[in-house]
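> Attaching a single structure in structure tokens format; questions to follow.
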Amino acid sequence: MSNTGFTSFMDQALDQARQAATRGEVPVGAVLVGPDGNVLATAGNRTREMSDPTAHAEMLVIRDGASKLGSERLTGCDLYVTLEPCPMCAAAISHARIARLYYGAADAKSGGVSVGSKVFSHPQCHHTPEVYDGIAATEAQNLLIQFFRDKRG
């Protein structure tokens, strides 16, 4: 009897967030998993490094995954991200037709899924993924708290 239960990739996303922090980036990490259950792309924020305000972890894995699959549609893919996606990233998730979104910490300031603009609830939203929140939320939130505490000195 084989075990075909749920496998979380949040640990890998947290590793990407930690790497982002060591680069001086806000510690957010993402992992895109293909329909076959294998990791397609991983990334942490790179907005400062790339001088690109759109270089959020989610955007980077979406771009990389779409390139690898040769399609702008990521149908059947799962996205793991340590922080609730902002409105820009939520819109990209919708446009990419990602099947499932798993995220850690809620983002009361800039979230676009459960707080703020709630992108997926708008009638203009092209596609709404299944959303699972609170995955390793405490660890993700602690990374952010420590990062900003260290920045303030």
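The chains in the structure tokens are called A, B, ... from first to last as shown; in each chain the residues are counted from 1, and the ligands are counted from 1 in the order shown.
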Please provide as a ChimeraX atom specification all residues within 8 Å of Val119 in chain A, with the sequence filter that same-chain residues fewer than 4 positions apart are discarded (counting only C-alpha atoms).
/A:87,90-91,112-113,125
> Which of range 48-136 of chain A end up as strand (DSSP E or B) when DSSP is run on this backbone - answer as a list in words?
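Going through range 48-136 of chain A, the strand (DSSP E or B) residues come out as Asp78, Leu79, Tyr80, Val81, Thr82, Leu83, Arg100, Leu101, Tyr102, Tyr103, Gly104, Ala105, Glu130, Val131 and Tyr132 of chain A.
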> When you look at range 76-79 of chain A with a cut-off of 12 Å (counting only C-alpha atoms), what residues show up, excluding the ones that are within fewer than 5 positions of it in the same chain? I need them as a PyMOL selection string.
chain A and resi 6-10+12-13+29-43+57-62+65-66+69+84-85+89-90+92-94+96-104+129-133
> Just to confirm, what's the straight-line distance from CA of Gln16 in chain A to CA of Gly44 in chain A in Å (one decimal)?
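According to the coordinates, CA of Gln16 in chain A and CA of Gly44 in chain A are separated by 4.9 Å.
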> Just the residues within 12 Å of range 20-24 of chain A, please, counting only C-alpha atoms, with nothing from its chain fewer than 3 positions along; format it as a ChimeraX atom specification.
/A:13-17,27-30,42-50,55-57,82,140,143-148,150-151
> Check the smallest atom-to-atom distance from each of A:Gln124, A:Asp52, A:Asn142, A:Ser117 to Arg18 in chain A using only C-alpha atoms, then report the winner.
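Going through A:Gln124, A:Asp52, A:Asn142, A:Ser117 one by one, the smallest distance to Arg18 in chain A is for A:Asn142.
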